[in-house]
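> Have a peek at model22.cif (mmCIF, C-alpha atoms).
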```
data_my_file
#
loop_
_atom_site.group_PDB
_atom_site.id
_atom_site.type_symbol
_atom_site.label_atom_id
_atom_site.label_comp_id
_atom_site.auth_asym_id
_atom_site.auth_seq_id
_atom_site.Cartn_x
_atom_site.Cartn_y
_atom_site.Cartn_z
ATOM 1 C CA MET A 1 -4.039 51.832 -62.927
ATOM 2 C CA LEU A 2 -1.653 53.269 -65.509
ATOM 3 C CA GLY A 3 -1.916 52.200 -69.100
ATOM 4 C CA ALA A 4 -3.664 49.034 -70.149
ATOM 5 C CA THR A 5 -3.212 45.479 -71.255
ATOM 6 C CA ILE A 6 -5.131 44.271 -74.295
ATOM 7 C CA ARG A 7 -6.759 41.034 -73.248
ATOM 8 C CA SER A 8 -7.359 39.337 -76.599
ATOM 9 C CA ARG A 9 -4.954 36.633 -77.762
ATOM 10 C CA GLU A 10 -4.325 38.364 -81.069
ATOM 11 C CA ARG A 11 -3.593 42.039 -80.588
ATOM 12 C CA PRO A 12 -5.620 44.294 -82.950
ATOM 13 C CA LYS A 13 -3.627 46.327 -85.449
ATOM 14 C CA ARG A 14 -2.806 49.970 -84.744
ATOM 15 C CA GLY A 15 -5.847 52.230 -84.645
ATOM 16 C CA ASP A 16 -8.315 49.332 -84.884
ATOM 17 C CA ILE A 17 -11.711 50.014 -83.263
ATOM 18 C CA ALA A 18 -11.343 46.624 -81.575
ATOM 19 C CA LEU A 19 -8.908 48.274 -79.158
ATOM 20 C CA TYR A 20 -11.761 50.382 -77.798
ATOM 21 C CA ASP A 21 -14.117 47.434 -77.520
ATOM 22 C CA GLU A 22 -11.448 45.411 -75.724
ATOM 23 C CA LEU A 23 -11.227 48.149 -73.081
ATOM 24 C CA VAL A 24 -14.865 49.242 -72.998
ATOM 25 C CA ASP A 25 -15.199 48.596 -69.261
ATOM 26 C CA GLN A 26 -12.374 51.089 -68.637
ATOM 27 C CA TRP A 27 -13.878 54.125 -70.397
ATOM 28 C CA TRP A 28 -15.130 55.823 -67.238
ATOM 29 C CA HIS A 29 -12.206 54.860 -65.008
ATOM 30 C CA PRO A 30 -10.514 58.253 -64.369
ATOM 31 C CA GLN A 31 -7.149 56.588 -63.765
ATOM 32 C CA GLY A 32 -7.584 53.956 -66.483
ATOM 33 C CA PRO A 33 -6.283 53.679 -70.040
ATOM 34 C CA PHE A 34 -8.491 56.505 -71.313
ATOM 35 C CA MET A 35 -7.521 58.947 -68.569
ATOM 36 C CA MET A 36 -6.087 61.523 -70.968
ATOM 37 C CA LEU A 37 -9.363 61.475 -72.900
ATOM 38 C CA HIS A 38 -11.049 62.584 -69.673
ATOM 39 C CA TRP A 39 -8.685 65.562 -69.451
ATOM 40 C CA LEU A 40 -9.266 66.438 -73.105
ATOM 41 C CA ALA A 41 -13.041 66.127 -72.761
ATOM 42 C CA ALA A 42 -12.987 68.767 -70.032
ATOM 43 C CA ALA A 43 -10.938 71.114 -72.241
ATOM 44 C CA ARG A 44 -13.213 70.419 -75.216
ATOM 45 C CA GLY A 45 -16.303 71.153 -73.160
ATOM 46 C CA ARG A 46 -14.953 74.595 -72.313
ATOM 47 C CA LEU A 47 -14.991 75.467 -76.039
ATOM 48 C CA VAL A 48 -18.656 74.545 -76.459
ATOM 49 C CA PRO A 49 -20.806 77.692 -76.199
ATOM 50 C CA GLU A 50 -24.047 77.866 -74.261
ATOM 51 C CA ALA A 51 -27.055 76.893 -76.368
ATOM 52 C CA ALA A 52 -28.537 79.947 -78.052
ATOM 53 C CA ARG A 53 -32.015 78.508 -78.599
ATOM 54 C CA SER A 54 -34.475 76.037 -77.165
ATOM 55 C CA GLY A 55 -34.035 72.572 -78.609
ATOM 56 C CA ALA A 56 -30.432 73.137 -79.674
ATOM 57 C CA VAL A 57 -28.567 70.010 -80.803
ATOM 58 C CA LEU A 58 -24.961 69.030 -80.192
ATOM 59 C CA VAL A 59 -23.638 66.224 -82.400
ATOM 60 C CA ASP A 60 -20.644 64.456 -80.883
ATOM 61 C CA LEU A 61 -18.736 62.604 -83.627
ATOM 62 C CA GLY A 62 -16.791 59.607 -82.353
ATOM 63 C CA CYS A 63 -18.361 60.086 -78.942
ATOM 64 C CA GLY A 64 -17.035 56.849 -77.442
ATOM 65 C CA ALA A 65 -18.606 56.270 -74.053
ATOM 66 C CA GLY A 66 -19.747 59.889 -73.744
ATOM 67 C CA LEU A 67 -16.879 61.475 -71.814
ATOM 68 C CA LEU A 68 -17.929 64.920 -73.035
ATOM 69 C CA ALA A 69 -21.400 64.598 -71.483
ATOM 70 C CA PRO A 70 -20.715 65.931 -67.956
ATOM 71 C CA HIS A 71 -18.914 68.953 -69.400
ATOM 72 C CA VAL A 72 -21.857 70.085 -71.560
ATOM 73 C CA ALA A 73 -24.775 68.791 -69.503
ATOM 74 C CA ASP A 74 -25.693 72.258 -68.219
ATOM 75 C CA LYS A 75 -25.300 74.073 -71.560
ATOM 76 C CA GLY A 76 -28.780 73.383 -72.881
ATOM 77 C CA TYR A 77 -28.212 70.881 -75.702
ATOM 78 C CA ARG A 78 -29.773 67.671 -76.831
ATOM 79 C CA HIS A 79 -26.588 65.591 -76.952
ATOM 80 C CA ILE A 80 -26.426 63.135 -79.872
ATOM 81 C CA GLY A 81 -23.376 60.878 -80.112
ATOM 82 C CA VAL A 82 -22.226 59.018 -83.232
ATOM 83 C CA ASP A 83 -19.877 56.073 -82.934
ATOM 84 C CA ARG A 84 -19.099 52.724 -84.574
ATOM 85 C CA SER A 85 -18.792 50.941 -81.226
ATOM 86 C CA LEU A 86 -22.115 49.675 -79.883
ATOM 87 C CA PRO A 87 -20.683 48.798 -76.419
ATOM 88 C CA SER A 88 -19.344 52.344 -76.103
ATOM 89 C CA LEU A 89 -22.679 53.853 -77.155
ATOM 90 C CA ARG A 90 -24.450 51.817 -74.489
ATOM 91 C CA LEU A 91 -22.207 53.417 -71.884
ATOM 92 C CA ALA A 92 -22.742 56.859 -73.395
ATOM 93 C CA ALA A 93 -26.505 56.404 -73.048
ATOM 94 C CA GLU A 94 -26.048 55.979 -69.294
ATOM 95 C CA HIS A 95 -24.673 59.529 -69.253
ATOM 96 C CA GLY A 96 -27.486 61.148 -71.208
ATOM 97 C CA VAL A 97 -26.130 60.799 -74.745
ATOM 98 C CA GLU A 98 -28.545 59.734 -77.494
ATOM 99 C CA GLY A 99 -26.478 57.179 -79.375
ATOM 100 C CA VAL A 100 -26.405 56.756 -83.150
ATOM 101 C CA LEU A 101 -24.529 53.756 -84.492
ATOM 102 C CA GLY A 102 -22.726 54.909 -87.609
ATOM 103 C CA ASP A 103 -19.644 56.059 -89.447
ATOM 104 C CA VAL A 104 -18.536 59.649 -88.789
ATOM 105 C CA ARG A 105 -17.851 60.011 -92.525
ATOM 106 C CA ALA A 106 -21.505 59.396 -93.421
ATOM 107 C CA THR A 107 -23.925 59.728 -90.528
ATOM 108 C CA PRO A 108 -27.678 59.051 -90.847
ATOM 109 C CA LEU A 109 -28.422 62.561 -89.521
ATOM 110 C CA ASP A 110 -30.096 65.388 -91.432
ATOM 111 C CA GLU A 111 -28.167 68.208 -93.049
ATOM 112 C CA GLY A 112 -28.085 71.319 -90.874
ATOM 113 C CA CYS A 113 -29.418 69.507 -87.811
ATOM 114 C CA ALA A 114 -26.700 70.629 -85.381
ATOM 115 C CA ASP A 115 -26.034 73.866 -83.544
ATOM 116 C CA VAL A 116 -22.662 72.445 -82.513
ATOM 117 C CA VAL A 117 -20.617 69.615 -83.980
ATOM 118 C CA VAL A 118 -17.820 68.238 -81.844
ATOM 119 C CA ALA A 119 -15.071 66.022 -83.260
ATOM 120 C CA GLY A 120 -12.878 65.221 -80.297
ATOM 121 C CA GLU A 121 -9.903 62.885 -80.699
ATOM 122 C CA ILE A 122 -11.465 61.249 -83.753
ATOM 123 C CA LEU A 123 -9.885 62.890 -86.810
ATOM 124 C CA GLU A 124 -6.582 61.102 -86.174
ATOM 125 C CA HIS A 125 -8.412 57.776 -86.422
ATOM 126 C CA VAL A 126 -10.208 58.208 -89.761
ATOM 127 C CA PRO A 127 -8.722 57.204 -93.128
ATOM 128 C CA ASP A 128 -10.692 59.912 -94.960
ATOM 129 C CA LEU A 129 -10.055 63.329 -93.387
ATOM 130 C CA PRO A 130 -11.720 65.376 -96.176
ATOM 131 C CA GLY A 131 -14.812 63.181 -96.088
ATOM 132 C CA THR A 132 -15.111 63.422 -92.311
ATOM 133 C CA VAL A 133 -14.681 67.198 -92.336
ATOM 134 C CA ALA A 134 -17.291 67.476 -95.097
ATOM 135 C CA GLU A 135 -19.751 65.459 -93.015
ATOM 136 C CA ALA A 136 -19.117 67.529 -89.867
ATOM 137 C CA CYS A 137 -19.739 70.729 -91.803
ATOM 138 C CA ARG A 138 -22.825 69.283 -93.530
ATOM 139 C CA LEU A 139 -24.410 68.633 -90.151
ATOM 140 C CA LEU A 140 -23.939 72.235 -88.992
ATOM 141 C CA ARG A 141 -26.682 74.771 -89.410
ATOM 142 C CA PRO A 142 -25.600 78.276 -90.548
ATOM 143 C CA GLY A 143 -23.894 79.996 -87.615
ATOM 144 C CA GLY A 144 -23.269 76.662 -85.900
ATOM 145 C CA ALA A 145 -19.976 75.966 -84.155
ATOM 146 C CA LEU A 146 -17.407 73.304 -84.984
ATOM 147 C CA VAL A 147 -15.185 72.188 -82.088
ATOM 148 C CA ILE A 148 -12.307 69.782 -82.598
ATOM 149 C CA ASP A 149 -9.176 68.460 -80.971
ATOM 150 C CA THR A 150 -6.748 66.083 -82.591
ATOM 151 C CA LEU A 151 -3.091 65.183 -83.186
ATOM 152 C CA ALA A 152 -0.860 66.835 -85.769
ATOM 153 C CA ASN A 153 1.009 65.004 -88.491
ATOM 154 C CA THR A 154 4.511 65.955 -87.368
ATOM 155 C CA VAL A 155 7.653 64.111 -86.367
ATOM 156 C CA LEU A 156 7.350 65.661 -82.900
ATOM 157 C CA CYS A 157 3.806 64.381 -82.470
ATOM 158 C CA ARG A 158 4.663 60.894 -83.650
ATOM 159 C CA TRP A 159 7.480 60.736 -81.133
ATOM 160 C CA VAL A 160 5.627 62.299 -78.168
ATOM 161 C CA ALA A 161 2.047 61.066 -78.659
ATOM 162 C CA ILE A 162 2.920 57.566 -79.819
ATOM 163 C CA GLU A 163 6.415 56.558 -78.785
ATOM 164 C CA LEU A 164 6.545 58.460 -75.492
ATOM 165 C CA ALA A 165 2.899 58.661 -74.384
ATOM 166 C CA GLU A 166 1.958 55.096 -75.338
ATOM 167 C CA ARG A 167 5.166 53.184 -74.738
ATOM 168 C CA VAL A 168 6.837 55.058 -71.862
ATOM 169 C CA LEU A 169 4.413 57.310 -69.959
ATOM 170 C CA ARG A 170 1.427 55.000 -70.567
ATOM 171 C CA LEU A 171 -0.969 57.918 -70.975
ATOM 172 C CA ALA A 172 -2.828 56.031 -73.712
ATOM 173 C CA PRO A 173 -3.307 52.371 -74.636
ATOM 174 C CA ARG A 174 -0.442 51.079 -76.719
ATOM 175 C CA GLY A 175 -1.420 50.833 -80.380
ATOM 176 C CA ILE A 176 -4.387 53.189 -80.167
ATOM 177 C CA HIS A 177 -2.940 55.595 -82.755
ATOM 178 C CA ASP A 178 -1.847 54.871 -86.299
ATOM 179 C CA PRO A 179 0.884 57.387 -87.212
ATOM 180 C CA LYS A 180 -0.251 57.325 -90.853
ATOM 181 C CA LEU A 181 -3.566 58.921 -89.851
ATOM 182 C CA LEU A 182 -2.258 61.918 -87.900
ATOM 183 C CA VAL A 183 -3.825 65.147 -89.140
ATOM 184 C CA ASP A 184 -2.277 67.507 -91.676
ATOM 185 C CA ARG A 185 -3.197 70.933 -90.312
ATOM 186 C CA GLY A 186 -3.077 72.582 -93.735
ATOM 187 C CA VAL A 187 -5.482 70.050 -95.220
ATOM 188 C CA LEU A 188 -7.790 70.414 -92.221
ATOM 189 C CA LEU A 189 -7.946 74.197 -92.580
ATOM 190 C CA GLU A 190 -8.470 73.996 -96.343
ATOM 191 C CA GLU A 191 -11.261 71.444 -96.071
ATOM 192 C CA CYS A 192 -13.087 73.339 -93.320
ATOM 193 C CA ALA A 193 -12.864 76.563 -95.333
ATOM 194 C CA ARG A 194 -14.081 74.736 -98.453
ATOM 195 C CA HIS A 195 -17.269 73.857 -96.574
ATOM 196 C CA GLY A 196 -17.846 77.293 -95.136
ATOM 197 C CA VAL A 197 -16.247 76.904 -91.705
ATOM 198 C CA PRO A 198 -13.115 79.032 -91.242
ATOM 199 C CA LEU A 199 -11.239 77.344 -88.421
ATOM 200 C CA ALA A 200 -8.850 78.849 -85.876
ATOM 201 C CA LEU A 201 -6.296 76.506 -84.288
ATOM 202 C CA ARG A 202 -4.457 76.628 -80.996
ATOM 203 C CA GLY A 203 -2.085 74.222 -79.344
ATOM 204 C CA VAL A 204 -2.947 72.530 -76.070
ATOM 205 C CA ARG A 205 -0.925 70.457 -73.624
ATOM 206 C CA PRO A 206 -1.178 69.019 -70.116
ATOM 207 C CA SER A 207 -0.262 71.398 -67.308
ATOM 208 C CA ILE A 208 3.263 70.414 -66.255
ATOM 209 C CA THR A 209 2.589 71.108 -62.572
ATOM 210 C CA ASP A 210 -0.666 69.134 -62.686
ATOM 211 C CA LEU A 211 1.039 66.262 -64.466
ATOM 212 C CA ALA A 212 3.787 66.114 -61.869
ATOM 213 C CA ALA A 213 1.197 66.154 -59.083
ATOM 214 C CA TRP A 214 -0.790 63.454 -60.866
ATOM 215 C CA TYR A 215 2.245 61.186 -61.106
ATOM 216 C CA ALA A 216 2.842 61.805 -57.396
ATOM 217 C CA ARG A 217 -0.825 60.814 -56.830
ATOM 218 C CA ARG A 218 -1.688 64.238 -55.436
ATOM 219 C CA ARG A 219 -4.189 64.946 -58.247
ATOM 220 C CA THR A 220 -6.808 62.780 -59.933
ATOM 221 C CA ALA A 221 -7.016 64.867 -63.116
ATOM 222 C CA VAL A 222 -4.765 67.110 -65.177
ATOM 223 C CA ARG A 223 -5.807 70.410 -66.741
ATOM 224 C CA MET A 224 -5.122 70.947 -70.425
ATOM 225 C CA VAL A 225 -3.729 74.423 -71.050
ATOM 226 C CA PRO A 226 -3.124 76.464 -74.224
ATOM 227 C CA THR A 227 0.341 76.496 -75.775
ATOM 228 C CA PHE A 228 1.885 78.420 -78.660
ATOM 229 C CA SER A 229 2.550 75.424 -80.899
ATOM 230 C CA THR A 230 0.016 73.349 -82.823
ATOM 231 C CA ALA A 231 2.704 70.830 -83.803
ATOM 232 C CA MET A 232 1.415 68.140 -81.478
ATOM 233 C CA LEU A 233 -2.020 68.276 -79.829
ATOM 234 C CA PHE A 234 -4.302 71.079 -80.948
ATOM 235 C CA GLN A 235 -7.857 72.379 -80.748
ATOM 236 C CA GLY A 236 -9.907 74.045 -83.454
ATOM 237 C CA TYR A 237 -12.964 76.298 -83.356
ATOM 238 C CA GLY A 238 -15.015 77.871 -86.127
ATOM 239 C CA ARG A 239 -18.535 78.879 -87.104
ATOM 240 C CA LYS A 240 -20.334 78.023 -90.320
ATOM 241 C CA ARG A 241 -20.991 80.979 -92.545
ATOM 242 C CA SER A 242 -24.619 81.973 -92.974
#
```
Translate this file's structure into structure tokens.


Amino acid sequence: MLGATIRSRERPKRGDIALYDELVDQWWHPQGPFMMLHWLAAARGRLVPEAARSGAVLVDLGCGAGLLAPHVADKGYRHIGVDRSLPSLRLAAEHGVEGVLGDVRATPLDEGCADVVVAGEILEHVPDLPGTVAEACRLLRPGGALVIDTLANTVLCRWVAIELAERVLRLAPRGIHDPKLLVDRGVLLEECARHGVPLALRGVRPSITDLAAWYARRRTAVRMVPTFSTAMLFQGYGRKRS
């Protein structure tokens, strides 16, 4: 199955959480509407370090149905996921994620509770980027790692990630991204630094050979590989200062 059809009579507006709830039964379908999120979860998991202590906690902001879980399951963390979608959290629990129903801008979790905070494909969905970054950094203990991936606020990204990926290639559900919420990289870096987490960015993209093989149905997944430009899809990694 490529792409997806929203089943409700009245289509939710762009970026509305209702889009995820409409498609909740498709989260774990590797060829379904969230297939690219599977590929990104694998790449995100590779950035998560092994737990350095017993009882280490990973907080997964905007965890959805827990796609990151299999990629960090052997790294030694207690995996806590925060999301506003209760149906998605129920699915995440089936994959070992302890779900917390809440807003990523103001979670009910304690300050400094996390050894790692992951914000994967969520920053481009929040109306308050500084507030969300502040919350992610608040949750980190000194020396803890912040891992992100998101979409850049550029003309190129709007054309590729929204017009091309959603409308033509059907690599994401149509309407899932609001172009007004794409992430300003300068603001992201400034806000992370303000809260004691200097962040390094790198671009990432699907492997062209894998993507061609996937379209030819010779592969079931596509590797995400580093690229020189952060003007579209990018990852970030940093550690909180002690």

> Return the single residue from A:Val48, A:Val59, A:Met36, A:Leu146 that is closest to Pro108 (chain A), with distances computed using only C-alpha atoms.

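Ranking A:Val48, A:Val59, A:Met36, A:Leu146 by distance to Pro108 (chain A), first place goes to A:Val59.
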
> Exactly which residues make up the result of the PyMOL selection byres ((chain A and resi 205) around 7) on this file, given as a short mmCIF file (atom, residue, chain, number, x, y, z; two decimals) with C-alpha atoms, in the frame of the given file?


```cif
data_model
loop_
_atom_site.label_atom_id
_atom_site.label_comp_id
_atom_site.auth_asym_id
_atom_site.auth_seq_id
_atom_site.Cartn_x
_atom_site.Cartn_y
_atom_site.Cartn_z
CA GLY A 203 -2.08 74.22 -79.34
CA VAL A 204 -2.95 72.53 -76.07
CA PRO A 206 -1.18 69.02 -70.12
CA SER A 207 -0.26 71.40 -67.31
CA MET A 224 -5.12 70.95 -70.42
CA VAL A 225 -3.73 74.42 -71.05
CA PRO A 226 -3.12 76.46 -74.22
CA THR A 227 0.34 76.50 -75.78
CA LEU A 233 -2.02 68.28 -79.83
#
```

> Quick one: pull the distance between CA of Ala213 (chain A) and CA of Ala41 (chain A), Å, one decimal.

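Rounded to one decimal, the two atoms are 19.7 Å apart.
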
> Run the PyMOL selection byres ((chain A and resi 76-92) around 9) mentally over the shown coordinates, then write out the matched residues as a PyMOL selection string, using the chain letters and numbers from the document.

chain A and resi 17-18+20-21+24-25+27-28+50-67+69+72-75+93-104+107+115-116

> Which protein, DNA or RNA residues have an atom at most 7 Å from (-9.8, 80.0, -84.2), counting all atoms listed in the file? List them as a list in words.

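Collected hits near the coordinates: Leu199, Ala200, Leu201, Gly236, Tyr237 and Gly238 of chain A.
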
> Quote the spacing between CA of Arg138 (chain A) and CA of Leu181 (chain A) in Å to one decimal place.

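Straight-line distance from CA of Arg138 (chain A) to CA of Leu181 (chain A) works out to 22.2 Å.
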
> For each of A:Val222, A:Gln235, A:Lys240, A:Ala106, take the minimum atom-to-atom distance to Met35 (chain A), counting only C-alpha atoms, then give the residue where this is smallest.

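So, comparing all the options, the nearest one is A:Val222.
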
> Provide region 176-212 of chain A rebuilt to N, CA and C atoms, formatted as a short mmCIF file (atom, residue, chain, number, x, y, z; two decimals), keeping the file's coordinate frame.


```cif
data_model
loop_
_atom_site.label_atom_id
_atom_site.label_comp_id
_atom_site.auth_asym_id
_atom_site.auth_seq_id
_atom_site.Cartn_x
_atom_site.Cartn_y
_atom_site.Cartn_z
N ILE A 176 -3.12 52.51 -79.92
CA ILE A 176 -4.39 53.19 -80.17
C ILE A 176 -4.31 54.16 -81.34
N HIS A 177 -3.10 54.64 -81.65
CA HIS A 177 -2.94 55.60 -82.76
C HIS A 177 -2.13 54.99 -83.89
N ASP A 178 -2.58 55.24 -85.09
CA ASP A 178 -1.85 54.87 -86.30
C ASP A 178 -1.15 56.13 -86.80
N PRO A 179 0.19 56.16 -86.81
CA PRO A 179 0.88 57.39 -87.21
C PRO A 179 0.55 57.85 -88.61
N LYS A 180 0.09 56.95 -89.48
CA LYS A 180 -0.25 57.32 -90.85
C LYS A 180 -1.52 58.18 -90.91
N LEU A 181 -2.29 58.20 -89.84
CA LEU A 181 -3.57 58.92 -89.85
C LEU A 181 -3.51 60.26 -89.10
N LEU A 182 -2.35 60.63 -88.58
CA LEU A 182 -2.26 61.92 -87.90
C LEU A 182 -2.62 63.04 -88.87
N VAL A 183 -3.12 64.15 -88.34
CA VAL A 183 -3.82 65.15 -89.14
C VAL A 183 -2.90 66.23 -89.70
N ASP A 184 -2.97 66.41 -91.00
CA ASP A 184 -2.28 67.51 -91.68
C ASP A 184 -3.07 68.78 -91.43
N ARG A 185 -2.47 69.72 -90.70
CA ARG A 185 -3.20 70.93 -90.31
C ARG A 185 -3.61 71.77 -91.52
N GLY A 186 -2.75 71.82 -92.53
CA GLY A 186 -3.08 72.58 -93.74
C GLY A 186 -4.29 72.01 -94.45
N VAL A 187 -4.33 70.70 -94.58
CA VAL A 187 -5.48 70.05 -95.22
C VAL A 187 -6.74 70.29 -94.40
N LEU A 188 -6.63 70.19 -93.09
CA LEU A 188 -7.79 70.41 -92.22
C LEU A 188 -8.35 71.81 -92.41
N LEU A 189 -7.49 72.81 -92.41
CA LEU A 189 -7.95 74.20 -92.58
C LEU A 189 -8.57 74.41 -93.96
N GLU A 190 -7.95 73.85 -94.99
CA GLU A 190 -8.47 74.00 -96.34
C GLU A 190 -9.85 73.35 -96.48
N GLU A 191 -10.00 72.16 -95.93
CA GLU A 191 -11.26 71.44 -96.07
C GLU A 191 -12.38 72.13 -95.29
N CYS A 192 -12.07 72.61 -94.09
CA CYS A 192 -13.09 73.34 -93.32
C CYS A 192 -13.52 74.60 -94.06
N ALA A 193 -12.54 75.34 -94.59
CA ALA A 193 -12.86 76.56 -95.33
C ALA A 193 -13.68 76.25 -96.58
N ARG A 194 -13.35 75.13 -97.24
CA ARG A 194 -14.08 74.74 -98.45
C ARG A 194 -15.58 74.55 -98.17
N HIS A 195 -15.88 74.12 -96.94
CA HIS A 195 -17.27 73.86 -96.57
C HIS A 195 -17.87 74.96 -95.71
N GLY A 196 -17.25 76.13 -95.77
CA GLY A 196 -17.85 77.29 -95.14
C GLY A 196 -17.60 77.46 -93.66
N VAL A 197 -16.56 76.79 -93.14
CA VAL A 197 -16.25 76.90 -91.70
C VAL A 197 -14.79 77.31 -91.54
N PRO A 198 -14.49 78.61 -91.52
CA PRO A 198 -13.12 79.03 -91.24
C PRO A 198 -12.74 78.63 -89.82
N LEU A 199 -11.62 77.94 -89.70
CA LEU A 199 -11.24 77.34 -88.42
C LEU A 199 -10.01 78.03 -87.86
N ALA A 200 -10.03 78.33 -86.58
CA ALA A 200 -8.85 78.85 -85.88
C ALA A 200 -8.28 77.73 -85.01
N LEU A 201 -6.96 77.57 -85.04
CA LEU A 201 -6.30 76.51 -84.29
C LEU A 201 -5.49 77.08 -83.13
N ARG A 202 -5.38 76.29 -82.08
CA ARG A 202 -4.46 76.63 -81.00
C ARG A 202 -3.92 75.34 -80.41
N GLY A 203 -2.67 75.38 -79.99
CA GLY A 203 -2.08 74.22 -79.34
C GLY A 203 -2.59 74.05 -77.93
N VAL A 204 -2.53 72.82 -77.44
CA VAL A 204 -2.95 72.53 -76.07
C VAL A 204 -2.06 71.42 -75.54
N ARG A 205 -1.80 71.46 -74.25
CA ARG A 205 -0.92 70.46 -73.62
C ARG A 205 -1.33 70.27 -72.17
N PRO A 206 -0.91 69.18 -71.55
CA PRO A 206 -1.18 69.02 -70.12
C PRO A 206 -0.39 70.05 -69.31
N SER A 207 -0.99 70.55 -68.25
CA SER A 207 -0.26 71.40 -67.31
C SER A 207 0.88 70.60 -66.69
N ILE A 208 2.09 71.13 -66.78
CA ILE A 208 3.26 70.41 -66.26
C ILE A 208 3.16 70.21 -64.75
N THR A 209 2.71 71.24 -64.03
CA THR A 209 2.59 71.11 -62.57
C THR A 209 1.51 70.09 -62.20
N ASP A 210 0.39 70.12 -62.94
CA ASP A 210 -0.67 69.13 -62.69
C ASP A 210 -0.18 67.72 -62.98
N LEU A 211 0.56 67.58 -64.08
CA LEU A 211 1.04 66.26 -64.47
C LEU A 211 2.00 65.70 -63.43
N ALA A 212 2.87 66.56 -62.91
CA ALA A 212 3.79 66.11 -61.87
C ALA A 212 3.03 65.70 -60.61
#
```
